[in-house]
Every structure is written in structure tokens, then in C-alpha cells.
>>> print(open('data_14.tsv').read())   # TSV, C-alpha atoms
chain	number	residue	atom	x	y	z
A	1	THR	CA	60.38	191.08	113.43
A	2	ALA	CA	59.14	188.97	116.34
A	3	MET	CA	61.49	188.66	119.30
A	4	ALA	CA	61.41	187.51	122.91
A	5	PRO	CA	60.68	190.50	125.17
A	6	SER	CA	62.65	189.23	128.21
A	7	SER	CA	62.20	191.58	131.18
A	8	MET	CA	61.01	194.36	128.89
A	9	ALA	CA	57.65	192.56	129.15
A	10	LYS	CA	57.39	194.07	132.63
A	11	LEU	CA	56.61	197.40	130.96
A	12	MET	CA	53.25	195.94	130.00
A	13	THR	CA	52.69	194.66	133.54
A	14	VAL	CA	53.50	198.11	134.89
A	15	ALA	CA	51.17	199.76	132.35
A	16	VAL	CA	48.27	197.50	133.35
A	17	VAL	CA	48.78	198.27	137.04
A	18	LEU	CA	49.13	202.03	136.50
A	19	ASP	CA	45.98	202.05	134.37
A	20	MET	CA	44.06	200.32	137.18
A	21	VAL	CA	45.35	202.86	139.70
A	22	LYS	CA	44.37	205.72	137.39
A	23	ARG	CA	40.85	204.30	137.05
A	24	GLY	CA	40.52	203.81	140.80
A	25	ALA	CA	40.36	200.01	140.54
A	26	LEU	CA	43.58	199.69	142.54
A	27	SER	CA	45.55	201.75	145.05
A	28	TYR	CA	49.28	202.15	145.53
A	29	ASP	CA	48.65	201.21	149.18
A	30	ASP	CA	46.95	197.90	148.36
A	31	THR	CA	49.05	194.86	149.26
A	32	PHE	CA	49.59	191.57	147.44
A	33	TYR	CA	50.65	188.21	148.88
A	34	ILE	CA	53.97	186.62	147.96
A	35	SER	CA	52.94	183.05	147.13
A	36	GLU	CA	55.26	180.07	147.02
A	37	HIS	CA	55.07	180.19	143.22
A	38	ALA	CA	56.09	183.85	143.14
A	39	TRP	CA	58.87	183.23	145.67
A	40	ARG	CA	60.22	180.05	144.08
A	41	THR	CA	59.88	181.10	140.43
A	42	GLY	CA	60.86	184.74	140.75
A	43	GLY	CA	62.34	185.16	144.21
A	44	ALA	CA	65.65	184.33	145.87
A	45	PRO	CA	65.56	180.57	145.00
A	46	SER	CA	65.30	181.39	141.28
A	47	ARG	CA	68.71	183.11	141.12
A	48	GLY	CA	67.21	185.60	138.67
A	49	SER	CA	66.17	189.24	138.93
A	50	THR	CA	64.36	189.54	142.25
A	51	MET	CA	63.35	191.98	144.97
A	52	PHE	CA	63.99	189.27	147.61
A	53	ALA	CA	60.41	189.41	148.92
A	54	GLU	CA	59.83	186.95	151.72
A	55	LEU	CA	57.56	183.95	151.24
A	56	GLY	CA	54.11	184.64	152.71
A	57	SER	CA	54.68	188.38	153.14
A	58	GLN	CA	52.40	191.19	151.99
A	59	VAL	CA	53.95	193.86	149.76
A	60	SER	CA	52.33	197.11	148.65
A	61	VAL	CA	51.55	197.82	145.01
A	62	ASP	CA	53.84	200.85	145.18
A	63	ASP	CA	56.82	198.75	146.31
A	64	LEU	CA	56.09	196.05	143.74
A	65	LEU	CA	56.03	198.68	140.99
A	66	HIS	CA	59.33	200.15	142.16
A	67	SER	CA	60.88	196.69	142.18
A	68	MET	CA	59.71	195.86	138.66
A	69	VAL	CA	60.96	199.17	137.27
A	70	ILE	CA	64.28	199.47	139.13
A	71	GLN	CA	65.30	195.93	140.13
A	72	SER	CA	63.35	194.05	137.43
A	73	GLY	CA	61.95	191.82	140.17
A	74	ASN	CA	60.37	188.69	138.75
A	75	ASP	CA	58.81	187.89	142.12
A	76	ALA	CA	57.20	191.35	142.12
A	77	ALA	CA	55.71	190.82	138.64
A	78	ILE	CA	54.30	187.41	139.54
A	79	ALA	CA	52.83	188.71	142.81
A	80	VAL	CA	51.11	191.53	140.92
A	81	ALA	CA	49.66	189.09	138.37
A	82	GLU	CA	48.37	186.72	141.02
A	83	GLY	CA	46.99	189.56	143.13
A	84	ILE	CA	45.06	191.10	140.22
A	85	ALA	CA	43.97	188.07	138.20
A	86	GLY	CA	44.60	185.00	140.36
A	87	SER	CA	47.22	183.48	138.06
A	88	GLU	CA	49.89	184.45	135.54
A	89	ALA	CA	47.85	182.99	132.67
A	90	ALA	CA	44.76	184.99	133.58
A	91	PHE	CA	46.83	188.16	133.92
A	92	ALA	CA	48.44	187.50	130.52
A	93	ALA	CA	44.96	187.66	128.98
A	94	ILE	CA	44.59	191.14	130.49
A	95	MET	CA	48.00	192.11	129.10
A	96	ASN	CA	47.02	191.01	125.59
A	97	GLU	CA	43.71	192.86	125.72
A	98	PHE	CA	45.56	195.98	126.87
A	99	ALA	CA	48.16	195.57	124.11
A	100	ASP	CA	45.40	195.47	121.49
A	101	ARG	CA	43.81	198.58	122.95
A	102	ILE	CA	46.97	200.69	122.67
A	103	GLY	CA	47.93	199.50	119.19
A	104	MET	CA	50.56	196.83	119.85
A	105	GLU	CA	49.57	194.82	116.80
A	106	HIS	CA	52.29	192.17	116.69
A	107	SER	CA	52.86	191.20	120.32
A	108	HIS	CA	51.62	188.33	122.47
A	109	PHE	CA	52.21	187.95	126.21
A	110	THR	CA	52.06	184.75	128.25
A	111	ASN	CA	53.45	185.90	131.60
A	112	PRO	CA	54.02	189.17	133.49
A	113	SER	CA	57.77	188.90	134.03
A	114	GLY	CA	59.28	188.07	130.64
A	115	LEU	CA	60.65	184.72	131.79
A	116	PRO	CA	61.35	182.47	128.76
A	117	ASP	CA	58.35	181.21	126.81
A	118	PRO	CA	58.47	180.46	123.06
A	119	ASP	CA	54.91	181.73	122.64
A	120	MET	CA	55.66	185.20	124.05
A	121	VAL	CA	56.79	187.66	121.36
A	122	VAL	CA	56.98	191.41	120.77
A	123	THR	CA	58.37	193.72	118.13
A	124	ALA	CA	60.65	196.71	118.61
A	125	ARG	CA	57.94	199.01	117.23
A	126	ASP	CA	55.37	197.65	119.69
A	127	LEU	CA	57.75	198.18	122.62
A	128	ALA	CA	58.29	201.76	121.46
A	129	GLN	CA	54.51	202.22	121.28
A	130	LEU	CA	54.20	200.88	124.84
A	131	ALA	CA	56.94	203.22	126.08
A	132	ARG	CA	55.23	206.22	124.48
A	133	TYR	CA	51.95	205.23	126.13
A	134	ILE	CA	53.51	204.98	129.60
A	135	ILE	CA	55.33	208.31	129.24
A	136	ARG	CA	52.23	210.10	127.97
A	137	GLU	CA	49.58	208.60	130.26
A	138	PHE	CA	51.48	208.35	133.56
A	139	PRO	CA	53.74	211.42	133.83
A	140	ASP	CA	53.63	211.44	137.64
A	141	PHE	CA	54.97	207.89	137.86
A	142	TYR	CA	57.49	208.11	135.03
A	143	PRO	CA	60.34	209.63	137.14
A	144	THR	CA	60.46	206.30	139.01
A	145	PHE	CA	62.25	204.84	135.99
A	146	SER	CA	65.26	207.05	136.65
A	147	GLN	CA	65.63	206.38	140.36
A	148	PRO	CA	69.20	205.17	140.98
A	149	SER	CA	68.36	202.31	143.36
A	150	PHE	CA	65.72	200.57	145.45
A	151	SER	CA	66.05	198.75	148.77
A	152	TRP	CA	63.95	195.86	149.98
A	153	ASN	CA	64.46	193.26	152.72
A	154	GLY	CA	67.71	194.99	153.68
A	155	ILE	CA	69.17	194.61	150.18
A	156	ASN	CA	69.92	197.69	148.07
A	157	GLN	CA	70.02	197.16	144.29
A	158	SER	CA	71.04	199.68	141.64
A	159	ASN	CA	68.84	200.52	138.69
A	160	ARG	CA	69.52	197.90	136.02
A	161	ASN	CA	69.24	200.57	133.33
A	162	ASP	CA	72.71	202.08	133.68
A	163	LEU	CA	71.96	204.56	130.88
A	164	VAL	CA	69.99	206.76	133.29
A	165	ASN	CA	73.33	207.68	134.87
A	166	ALA	CA	75.28	208.06	131.61
A	167	ASN	CA	74.72	211.84	131.18
A	168	ILE	CA	73.19	211.42	127.72
A	169	GLY	CA	69.70	212.59	128.66
A	170	VAL	CA	68.16	209.14	129.16
A	171	ASP	CA	65.49	209.10	131.90
A	172	GLY	CA	64.01	205.55	131.51
A	173	LEU	CA	62.72	202.87	130.75
A	174	LYS	CA	63.67	199.14	130.98
A	175	THR	CA	66.40	196.61	130.24
A	176	GLY	CA	66.02	192.92	129.51
A	177	HIS	CA	68.10	189.80	129.02
A	178	ILE	CA	67.27	186.27	127.99
A	179	GLY	CA	69.78	183.66	126.90
A	180	ALA	CA	68.38	182.91	123.44
A	181	ALA	CA	67.68	186.55	122.52
A	182	GLY	CA	70.55	188.43	124.16
A	183	TYR	CA	70.50	191.81	125.87
A	184	GLY	CA	67.91	194.47	125.06
A	185	VAL	CA	66.65	197.82	126.29
A	186	VAL	CA	63.82	200.31	125.81
A	187	VAL	CA	65.18	203.80	126.44
A	188	SER	CA	63.84	207.32	126.32
A	189	GLY	CA	65.11	210.81	126.92
A	190	THR	CA	64.62	214.43	125.96
A	191	ASP	CA	66.82	216.47	123.69
A	192	GLY	CA	66.19	219.97	122.40
A	193	GLY	CA	62.56	219.99	123.46
A	194	ARG	CA	61.65	216.67	121.88
A	195	ARG	CA	61.43	213.20	123.36
A	196	LEU	CA	63.19	210.25	121.76
A	197	VAL	CA	62.30	206.58	122.28
A	198	GLY	CA	64.75	203.89	121.26
A	199	VAL	CA	64.53	200.09	121.28
A	200	LEU	CA	67.26	197.58	120.60
A	201	HIS	CA	67.68	193.89	121.32
A	202	GLY	CA	70.03	191.03	120.57
A	203	MET	CA	73.21	192.51	122.02
A	204	SER	CA	75.85	190.07	123.24
A	205	SER	CA	76.62	191.73	126.59
A	206	GLU	CA	75.53	194.47	128.98
A	207	ARG	CA	78.41	196.62	127.79
A	208	GLU	CA	77.47	196.25	124.13
A	209	ARG	CA	73.86	197.05	125.01
A	210	SER	CA	74.90	200.27	126.76
A	211	ASP	CA	77.32	201.29	124.01
A	212	GLU	CA	74.88	200.68	121.16
A	213	ALA	CA	71.97	202.33	122.99
A	214	ARG	CA	74.15	205.39	123.60
A	215	LYS	CA	75.02	205.51	119.88
A	216	LEU	CA	71.38	205.10	118.91
A	217	MET	CA	70.12	207.91	121.14
A	218	THR	CA	72.97	210.23	120.14
A	219	TRP	CA	72.27	209.56	116.45
A	220	GLY	CA	68.56	210.19	116.96
A	221	ALA	CA	69.24	213.50	118.70
A	222	ARG	CA	71.72	214.83	116.12
A	223	SER	CA	70.67	213.36	112.79
A	224	PHE	CA	67.04	214.46	112.51
A	225	GLU	CA	65.64	217.90	111.82
A	226	ARG	CA	62.26	219.20	112.90
A	227	ILE	CA	60.07	220.51	110.10
A	228	PRO	CA	56.94	222.41	111.25
A	229	ALA	CA	54.12	221.12	109.06
A	230	PHE	CA	50.84	222.38	110.54
A	231	ALA	CA	50.29	224.82	113.41
A	232	ALA	CA	47.88	223.95	116.20
A	233	GLY	CA	44.33	224.31	114.93
A	234	ALA	CA	45.37	224.58	111.26
A	235	ILE	CA	43.21	222.68	108.78
A	236	VAL	CA	45.23	219.76	107.41
A	237	GLY	CA	42.58	218.62	104.93
A	238	TYR	CA	38.91	217.75	104.56
A	239	ALA	CA	36.81	214.61	104.82
A	240	LYS	CA	33.51	214.02	103.03
A	241	VAL	CA	30.43	213.85	105.30
A	242	TYR	CA	27.47	212.04	103.74
A	243	GLY	CA	24.03	213.41	104.62
A	244	GLY	CA	25.34	216.22	106.81
A	245	GLU	CA	24.46	219.89	107.11
A	246	GLU	CA	27.81	220.47	105.41
A	247	GLY	CA	29.34	218.24	102.79
A	248	HIS	CA	32.83	218.27	104.27
A	249	VAL	CA	34.48	218.63	107.66
A	250	GLY	CA	37.87	220.18	108.30
A	251	LEU	CA	40.53	217.97	109.89
A	252	ILE	CA	43.06	219.22	112.46
A	253	GLY	CA	45.84	217.62	114.47
A	254	GLU	CA	46.15	217.26	118.23
A	255	GLY	CA	48.13	220.44	118.65
A	256	SER	CA	50.81	221.22	116.09
A	257	ILE	CA	52.09	218.56	113.70
A	258	ASP	CA	55.85	218.45	113.23
A	259	ILE	CA	57.82	216.13	110.98
A	260	TYR	CA	61.16	214.67	112.04
A	261	LEU	CA	63.27	213.75	109.04
A	262	PRO	CA	66.88	212.68	108.50
A	263	ARG	CA	68.81	215.81	107.58
A	264	GLY	CA	69.02	216.50	103.85
A	265	ASN	CA	65.93	214.48	102.88
A	266	ARG	CA	63.23	217.15	102.50
A	267	ARG	CA	62.74	216.46	98.79
A	268	CYS	CA	61.50	212.94	99.47
A	269	LEU	CA	58.37	214.09	101.32
A	270	SER	CA	54.77	213.38	100.36
A	271	ALA	CA	51.60	212.91	102.38
A	272	ASN	CA	48.04	211.66	102.23
A	273	ILE	CA	44.98	211.48	104.46
A	274	SER	CA	43.17	208.19	105.07
A	275	TYR	CA	39.80	207.53	106.71
A	276	SER	CA	36.97	205.03	106.63
A	277	ALA	CA	34.14	206.26	104.42
A	278	PRO	CA	31.34	207.04	104.52
A	279	ILE	CA	31.49	209.41	107.50
A	280	LEU	CA	27.92	209.87	108.69
A	281	PRO	CA	26.51	212.68	110.83
A	282	PRO	CA	26.34	213.71	113.53
A	283	VAL	CA	30.04	214.57	113.70
A	284	ARG	CA	31.32	215.96	117.00
A	285	GLU	CA	34.02	218.62	117.18
A	286	GLY	CA	37.19	216.88	118.35
A	287	GLN	CA	36.03	213.46	117.12
A	288	ARG	CA	38.87	211.37	115.72
A	289	LEU	CA	38.10	210.77	112.06
A	290	ALA	CA	41.24	210.26	110.00
A	291	GLN	CA	45.00	209.84	109.88
A	292	LEU	CA	47.70	211.90	108.23
A	293	ASN	CA	50.32	209.68	106.61
A	294	ILE	CA	53.72	211.22	105.88
A	295	LEU	CA	55.95	209.39	103.43
A	296	CYS	CA	59.55	209.62	102.30
A	297	ASP	CA	60.15	208.07	98.87
A	298	ASN	CA	56.76	206.36	99.23
A	299	GLN	CA	57.66	204.72	102.55
A	300	LEU	CA	55.60	205.62	105.62
A	301	ILE	CA	57.82	207.42	108.14
A	302	GLN	CA	55.28	209.09	110.42
A	303	SER	CA	51.55	209.24	111.07
A	304	ALA	CA	49.32	211.51	113.12
A	305	PRO	CA	45.63	211.25	114.08
A	306	LEU	CA	43.28	213.90	112.73
A	307	TYR	CA	40.16	215.25	114.42
A	308	ALA	CA	37.00	217.07	113.36
A	309	ALA	CA	37.48	220.84	113.45
A	310	ASP	CA	33.72	221.47	113.76
A	311	SER	CA	30.49	219.72	114.67
A	312	ILE	CA	28.17	218.79	111.82
A	313	GLY	CA	24.57	217.70	112.31
A	314	ARG	CA	22.29	215.76	109.99
A	315	GLY	CA	21.27	217.52	106.82
A	316	ASP	CA	17.74	217.95	105.51
A	317	LEU	CA	15.97	215.24	103.52
A	318	MET	CA	17.15	216.59	100.17
A	319	ARG	CA	20.81	216.65	101.28
A	320	ARG	CA	20.59	213.09	102.62
A	321	ALA	CA	18.89	211.83	99.47
A	322	THR	CA	21.44	213.52	97.18
A	323	ASP	CA	24.41	212.14	99.11
A	324	ALA	CA	22.84	208.68	99.22
A	325	PHE	CA	22.43	208.74	95.44
A	326	MET	CA	26.03	209.87	94.94
A	327	GLU	CA	27.30	207.13	97.24
A	328	LEU	CA	25.30	204.56	95.31
A	329	ALA	CA	26.52	205.92	91.97
A	330	LEU	CA	30.13	205.83	93.08
A	331	GLY	CA	29.57	202.26	94.22
A	332	TRP	CA	28.36	201.33	90.74
A	333	LEU	CA	31.43	202.95	89.20
>>> encode(input="data_14.tsv", output="C-alpha cells")
Amino acid sequence: TAMAPSSMAKLMTVAVVLDMVKRGALSYDDTFYISEHAWRTGGAPSRGSTMFAELGSQVSVDDLLHSMVIQSGNDAAIAVAEGIAGSEAAFAAIMNEFADRIGMEHSHFTNPSGLPDPDMVVTARDLAQLARYIIREFPDFYPTFSQPSFSWNGINQSNRNDLVNANIGVDGLKTGHIGAAGYGVVVSGTDGGRRLVGVLHGMSSERERSDEARKLMTWGARSFERIPAFAAGAIVGYAKVYGGEEGHVGLIGEGSIDIYLPRGNRRCLSANISYSAPILPPVREGQRLAQLNILCDNQLIQSAPLYAADSIGRGDLMRRATDAFMELALGWL
């Protein structure tokens, strides 16, 4: 269901910046200018979430990131967008391209801060996907989300995500609030060796948001059991290779594959493997080829990418001709 992201949109802004730093296109020490637009729209005059950056000042990328994550500074998000792309609209195009790349299929961004815009929408699933991406790809930065406060311009502000101090294992990520959509949050934490990500939106107050998020994370930690499905390196299934030295290639997961299921529901399980055929050689070991789909009562509950267990080169002329004939025959049928 489409919903307004509010300040949770800043997670995408943060992801874009961190990706640029990781690729060497940007440095934490680089500085961006606080324009009048950033100051007036997202700074002290706006009376919204702000880091209180001074008009005309230069602020480092590191400080702008800390402000977005801890204070939810709108001025910081706008300054980042203008510094990278020249304008909010141009930066939004980068956000949308990035969202497509990481599998956020039902989201559209129009600005870096989450300030109200009827054309900007996300889904809870997409926000969870974004959170997983940030946690997985930027582990060195992730602890910033749990810092208790951040000071700028002589003003100390507490982390707006009060759940990081609630002793329930939450260590990030981001809250949001917008009048029409209510209060929301993307949260994550570890419990029993596994990481949980939760998203909720539409709460009527900060207190309700905190209470319901606490219930959600507690339920997630206690109500699901881990079922080991395939050990690391175990063959999950096989995919047909047309015209290869071998007719099939084994498929393995990225490490072990575990299923998390509501307790008492093991009998509902089924699974299948999907891939785009025909798979043509050469196939490289470790190449992503397929997806394992795990279902409960015929509803998809979990998926996992599958990779080639071995490399397979092109077969001889007879093998290629035979497979080509079979492919054509199957097409006729």
C-alpha cells in the first residue's frame, strides 16, 4: 500500500551519500554550502526538524549525515541534495534510480527530506528493503543510527528514535511524521543471533508509535522459529543449461538458507525454484541464476537468491545442436 514516507525518506538520501563515499566519489570531509533555500525550507525559519545550520556556512558531509540520521535535519538533507546534484529535483532522480537498483519496486521520491509532496510514495516493504541494504552494505556507519544525540551550532538534540534507548535491542533506524500520514518508524535490532527489521506508519502520536513498534519487535523476536533448510554450499536444486558442457548446473545459496516461520506452522511449507530460461553458457561459478521461493499455504513468505555451484563452458557442436532442437520442440509444444 502506497504511503507518504515523511522523514523516513532520508534513509534513501543517506544511502545515496554512503554509496558515493564507498565508491570514492565523495568524502566524509567534503563540505556543502547551506543555501538560502536549504536554510529557509529546512532550517530554523521552517520550524521543522533542523540541525540549525547557518545560512551561507559550509558543513561537512559527515556532519550532514549525522544530522539526518539523529536530528532528522531537513536543512541537512537539502544541502546534501544541492551539493551533489545542484537541486532537489535532480537529486530525486538519483534517488529513484538507486531505488530501482536495490529492488524498491513501488516507491517514488521527489525530494531528499520527506517534506510533504503528494507524488512521493513508498511502501512498508520497500522501506524494509532499504533498511536491509543500509545495514548490510554500510556496517561501519550503521552504529551512527544509535547515537543518543548530536550537537550543532551550540544546540544539542536527542536522537528522535527513542526506541534505541528502550532496552529492547533496537539499534536504528529512522522515525518520521507528516500530518496527513501520521507517525511512522523503520526499526531494526538483533535478537538471538538474527536481525529483525520492522516498519510501521500511520500512528496517531509519538507515544503510540513507540508502543506499537515495541510490540512489533517483541512479537517478531518471540513468535518465529528458525528452521535450517540448506547448509552453506548445499545444492538446493538444478537449472537446465542449454548448449553447455553439462546439461544442468547445481544451485546454492549465499551461505546457509534458514526459514523463519510463525511457530506451529511447519506443515504449511512448500517451495519452488524460478529462473529465466534458457540459461546459456558460459556459466560462471558464483553467478546469480535463480531464486528459491518459500511458501506457506501457497503464499510467498520468503525468497533467497541462488547461485551457480560450478562453472560450465560451451558444449561441443553435437550438444549445442541437440539442446537447440529440444528447445525448439518444447516451444512447439
>>> atom_distance(input="data_14.tsv", atom1="CA of Asn156 (chain A)", atom2="CA of Leu26 (chain A)")
27.0 Å
>>> residues_near_point(input="data_14.tsv", point="(45.8, 192.0, 133.2)", cutoff="8 Å", atoms="only C-alpha atoms", output="list in words")
Thr13, Val16, Val17, Ala81, Ile84, Ala85, Ala90, Phe91, Ala92, Ala93, Ile94, Met95, Asn96, Glu97 and Phe98 of chain A
>>> residues_near_point(input="data_14.tsv", point="(50.7, 194.3, 123.5)", cutoff="8 Å", atoms="only C-alpha atoms", output="number ranges by chain")
A: 12, 95-100, 102-109, 122, 126, 130
>>> write_last_selection(input="data_14.tsv", atoms="C-alpha atoms", output="mmCIF file, keeping the file's coordinate frame")
data_model
loop_
_atom_site.group_PDB
_atom_site.id
_atom_site.type_symbol
_atom_site.label_atom_id
_atom_site.label_comp_id
_atom_site.auth_asym_id
_atom_site.auth_seq_id
_atom_site.Cartn_x
_atom_site.Cartn_y
_atom_site.Cartn_z
ATOM 1 C CA MET A 12 53.250 195.940 130.000
ATOM 2 C CA MET A 95 48.000 192.110 129.100
ATOM 3 C CA ASN A 96 47.020 191.010 125.590
ATOM 4 C CA GLU A 97 43.710 192.860 125.720
ATOM 5 C CA PHE A 98 45.560 195.980 126.870
ATOM 6 C CA ALA A 99 48.160 195.570 124.110
ATOM 7 C CA ASP A 100 45.400 195.470 121.490
ATOM 8 C CA ILE A 102 46.970 200.690 122.670
ATOM 9 C CA GLY A 103 47.930 199.500 119.190
ATOM 10 C CA MET A 104 50.560 196.830 119.850
ATOM 11 C CA GLU A 105 49.570 194.820 116.800
ATOM 12 C CA HIS A 106 52.290 192.170 116.690
ATOM 13 C CA SER A 107 52.860 191.200 120.320
ATOM 14 C CA HIS A 108 51.620 188.330 122.470
ATOM 15 C CA PHE A 109 52.210 187.950 126.210
ATOM 16 C CA VAL A 122 56.980 191.410 120.770
ATOM 17 C CA ASP A 126 55.370 197.650 119.690
ATOM 18 C CA LEU A 130 54.200 200.880 124.840
#
>>> closest_residue(input="data_14.tsv", among="A:Ser149, A:Ser6, A:Ser67, A:Asn298", to="Asp117 (chain A)", atoms="only C-alpha atoms")
A:Ser6
>>> closest_residue(input="data_14.tsv", among="A:Arg23, A:His177, A:Lys10, A:Arg263", to="Asn74 (chain A)", atoms="only C-alpha atoms")
A:Lys10
>>> residues_around(input="data_14.tsv", residues="Asp29 (chain A)", least_positions_apart="2", cutoff="8 Å", atoms="only C-alpha atoms", output="PyMOL selection string")
chain A and resi 27+31+60-62
>>> residues_around(input="data_14.tsv", residues="Arg288 (chain A)", least_positions_apart="4", cutoff="8 Å", atoms="only C-alpha atoms", output="PyMOL selection string")
chain A and resi 305-308
>>> residues_around(input="data_14.tsv", residues="Ala79 (chain A)", least_positions_apart="5", cutoff="7 Å", atoms="all atoms listed in the file", output="PyMOL selection string")
chain A and resi 32-34+38
>>> closest_atom_pairs(input="data_14.tsv", of="region 240-298 of chain A", to="region 214-220 of chain A", cutoff="12 Å", atoms="all atoms listed in the file", output="Markdown table")
| residue | atom | partner | partner_atom | distance |
| --- | --- | --- | --- | --- |
| A:Tyr260 | CA | A:Gly220 | CA | 10.0 |
| A:Leu261 | CA | A:Gly220 | CA | 10.2 |
| A:Pro262 | CA | A:Gly220 | CA | 9.0 |
| A:Arg263 | CA | A:Gly220 | CA | 10.9 |
>>> closest_residue(input="data_14.tsv", among="A:Arg314, A:Arg267, A:His66, A:Arg194", to="Arg284 (chain A)", atoms="all atoms listed in the file")
A:Arg314
>>> residues_around(input="data_14.tsv", residues="Gly169 (chain A)", least_positions_apart="2", cutoff="8 Å", atoms="only C-alpha atoms", output="list in words")
Val164, Ala166, Asn167, Asp171, Gly189, Thr190 and Asp191 of chain A
>>> atom_distance(input="data_14.tsv", atom1="CA of Ala44 (chain A)", atom2="CA of Tyr142 (chain A)")
27.4 Å
>>> closest_residue(input="data_14.tsv", among="A:Gly182, A:Pro112, A:Gly202, A:Pro143", to="Glu88 (chain A)", atoms="all atoms listed in the file")
A:Pro112
>>> build_atoms(input="data_14.tsv", residues="region 19-38 of chain A", atoms="N, CA, C and O atoms", output="PDB file, keeping the file's coordinate frame")
ATOM      1  N   ASP A  19      47.303 201.753 134.922  1.00  0.00           N
ATOM      2  CA  ASP A  19      45.980 202.050 134.370  1.00  0.00           C
ATOM      3  C   ASP A  19      44.894 201.755 135.404  1.00  0.00           C
ATOM      4  O   ASP A  19      43.932 202.525 135.544  1.00  0.00           O
ATOM      5  N   MET A  20      45.039 200.656 136.146  1.00  0.00           N
ATOM      6  CA  MET A  20      44.060 200.320 137.180  1.00  0.00           C
ATOM      7  C   MET A  20      44.075 201.353 138.304  1.00  0.00           C
ATOM      8  O   MET A  20      43.020 201.731 138.820  1.00  0.00           O
ATOM      9  N   VAL A  21      45.261 201.816 138.676  1.00  0.00           N
ATOM     10  CA  VAL A  21      45.350 202.860 139.700  1.00  0.00           C
ATOM     11  C   VAL A  21      44.688 204.143 139.202  1.00  0.00           C
ATOM     12  O   VAL A  21      43.935 204.802 139.936  1.00  0.00           O
ATOM     13  N   LYS A  22      44.944 204.491 137.961  1.00  0.00           N
ATOM     14  CA  LYS A  22      44.370 205.720 137.390  1.00  0.00           C
ATOM     15  C   LYS A  22      42.853 205.652 137.362  1.00  0.00           C
ATOM     16  O   LYS A  22      42.172 206.662 137.580  1.00  0.00           O
ATOM     17  N   ARG A  23      42.303 204.464 137.118  1.00  0.00           N
ATOM     18  CA  ARG A  23      40.850 204.300 137.050  1.00  0.00           C
ATOM     19  C   ARG A  23      40.221 204.111 138.421  1.00  0.00           C
ATOM     20  O   ARG A  23      38.990 204.031 138.533  1.00  0.00           O
ATOM     21  N   GLY A  24      41.047 203.995 139.463  1.00  0.00           N
ATOM     22  CA  GLY A  24      40.520 203.810 140.800  1.00  0.00           C
ATOM     23  C   GLY A  24      40.214 202.375 141.150  1.00  0.00           C
ATOM     24  O   GLY A  24      39.635 202.093 142.209  1.00  0.00           O
ATOM     25  N   ALA A  25      40.599 201.434 140.281  1.00  0.00           N
ATOM     26  CA  ALA A  25      40.360 200.010 140.540  1.00  0.00           C
ATOM     27  C   ALA A  25      41.415 199.415 141.463  1.00  0.00           C
ATOM     28  O   ALA A  25      41.257 198.279 141.925  1.00  0.00           O
ATOM     29  N   LEU A  26      42.473 200.166 141.725  1.00  0.00           N
ATOM     30  CA  LEU A  26      43.580 199.690 142.540  1.00  0.00           C
ATOM     31  C   LEU A  26      44.219 200.903 143.200  1.00  0.00           C
ATOM     32  O   LEU A  26      44.143 202.019 142.677  1.00  0.00           O
ATOM     33  N   SER A  27      44.865 200.673 144.340  1.00  0.00           N
ATOM     34  CA  SER A  27      45.550 201.750 145.050  1.00  0.00           C
ATOM     35  C   SER A  27      47.013 201.385 145.231  1.00  0.00           C
ATOM     36  O   SER A  27      47.360 200.210 145.362  1.00  0.00           O
ATOM     37  N   TYR A  28      47.868 202.396 145.263  1.00  0.00           N
ATOM     38  CA  TYR A  28      49.280 202.150 145.530  1.00  0.00           C
ATOM     39  C   TYR A  28      49.475 201.514 146.914  1.00  0.00           C
ATOM     40  O   TYR A  28      50.469 200.813 147.152  1.00  0.00           O
ATOM     41  N   ASP A  29      48.536 201.742 147.818  1.00  0.00           N
ATOM     42  CA  ASP A  29      48.650 201.210 149.180  1.00  0.00           C
ATOM     43  C   ASP A  29      48.119 199.793 149.318  1.00  0.00           C
ATOM     44  O   ASP A  29      48.331 199.160 150.359  1.00  0.00           O
ATOM     45  N   ASP A  30      47.416 199.289 148.309  1.00  0.00           N
ATOM     46  CA  ASP A  30      46.950 197.900 148.360  1.00  0.00           C
ATOM     47  C   ASP A  30      48.151 196.962 148.465  1.00  0.00           C
ATOM     48  O   ASP A  30      49.242 197.278 147.962  1.00  0.00           O
ATOM     49  N   THR A  31      47.958 195.819 149.098  1.00  0.00           N
ATOM     50  CA  THR A  31      49.050 194.860 149.260  1.00  0.00           C
ATOM     51  C   THR A  31      48.710 193.541 148.576  1.00  0.00           C
ATOM     52  O   THR A  31      47.539 193.134 148.519  1.00  0.00           O
ATOM     53  N   PHE A  32      49.748 192.878 148.061  1.00  0.00           N
ATOM     54  CA  PHE A  32      49.590 191.570 147.440  1.00  0.00           C
ATOM     55  C   PHE A  32      50.474 190.548 148.152  1.00  0.00           C
ATOM     56  O   PHE A  32      51.569 190.861 148.641  1.00  0.00           O
ATOM     57  N   TYR A  33      50.001 189.319 148.182  1.00  0.00           N
ATOM     58  CA  TYR A  33      50.650 188.210 148.880  1.00  0.00           C
ATOM     59  C   TYR A  33      51.760 187.605 148.028  1.00  0.00           C
ATOM     60  O   TYR A  33      51.612 187.443 146.809  1.00  0.00           O
ATOM     61  N   ILE A  34      52.872 187.296 148.652  1.00  0.00           N
ATOM     62  CA  ILE A  34      53.970 186.620 147.960  1.00  0.00           C
ATOM     63  C   ILE A  34      53.763 185.103 148.123  1.00  0.00           C
ATOM     64  O   ILE A  34      54.046 184.525 149.177  1.00  0.00           O
ATOM     65  N   SER A  35      53.235 184.479 147.098  1.00  0.00           N
ATOM     66  CA  SER A  35      52.940 183.050 147.130  1.00  0.00           C
ATOM     67  C   SER A  35      54.214 182.227 146.985  1.00  0.00           C
ATOM     68  O   SER A  35      55.284 182.749 146.630  1.00  0.00           O
ATOM     69  N   GLU A  36      54.094 180.937 147.210  1.00  0.00           N
ATOM     70  CA  GLU A  36      55.260 180.070 147.020  1.00  0.00           C
ATOM     71  C   GLU A  36      55.700 180.072 145.560  1.00  0.00           C
ATOM     72  O   GLU A  36      56.897 180.039 145.255  1.00  0.00           O
ATOM     73  N   HIS A  37      54.727 180.138 144.648  1.00  0.00           N
ATOM     74  CA  HIS A  37      55.070 180.190 143.220  1.00  0.00           C
ATOM     75  C   HIS A  37      55.856 181.454 142.900  1.00  0.00           C
ATOM     76  O   HIS A  37      56.887 181.402 142.202  1.00  0.00           O
ATOM     77  N   ALA A  38      55.383 182.597 143.394  1.00  0.00           N
ATOM     78  CA  ALA A  38      56.090 183.850 143.140  1.00  0.00           C
ATOM     79  C   ALA A  38      57.486 183.812 143.759  1.00  0.00           C
ATOM     80  O   ALA A  38      58.459 184.265 143.149  1.00  0.00           O
TER      81      ALA A  38
END
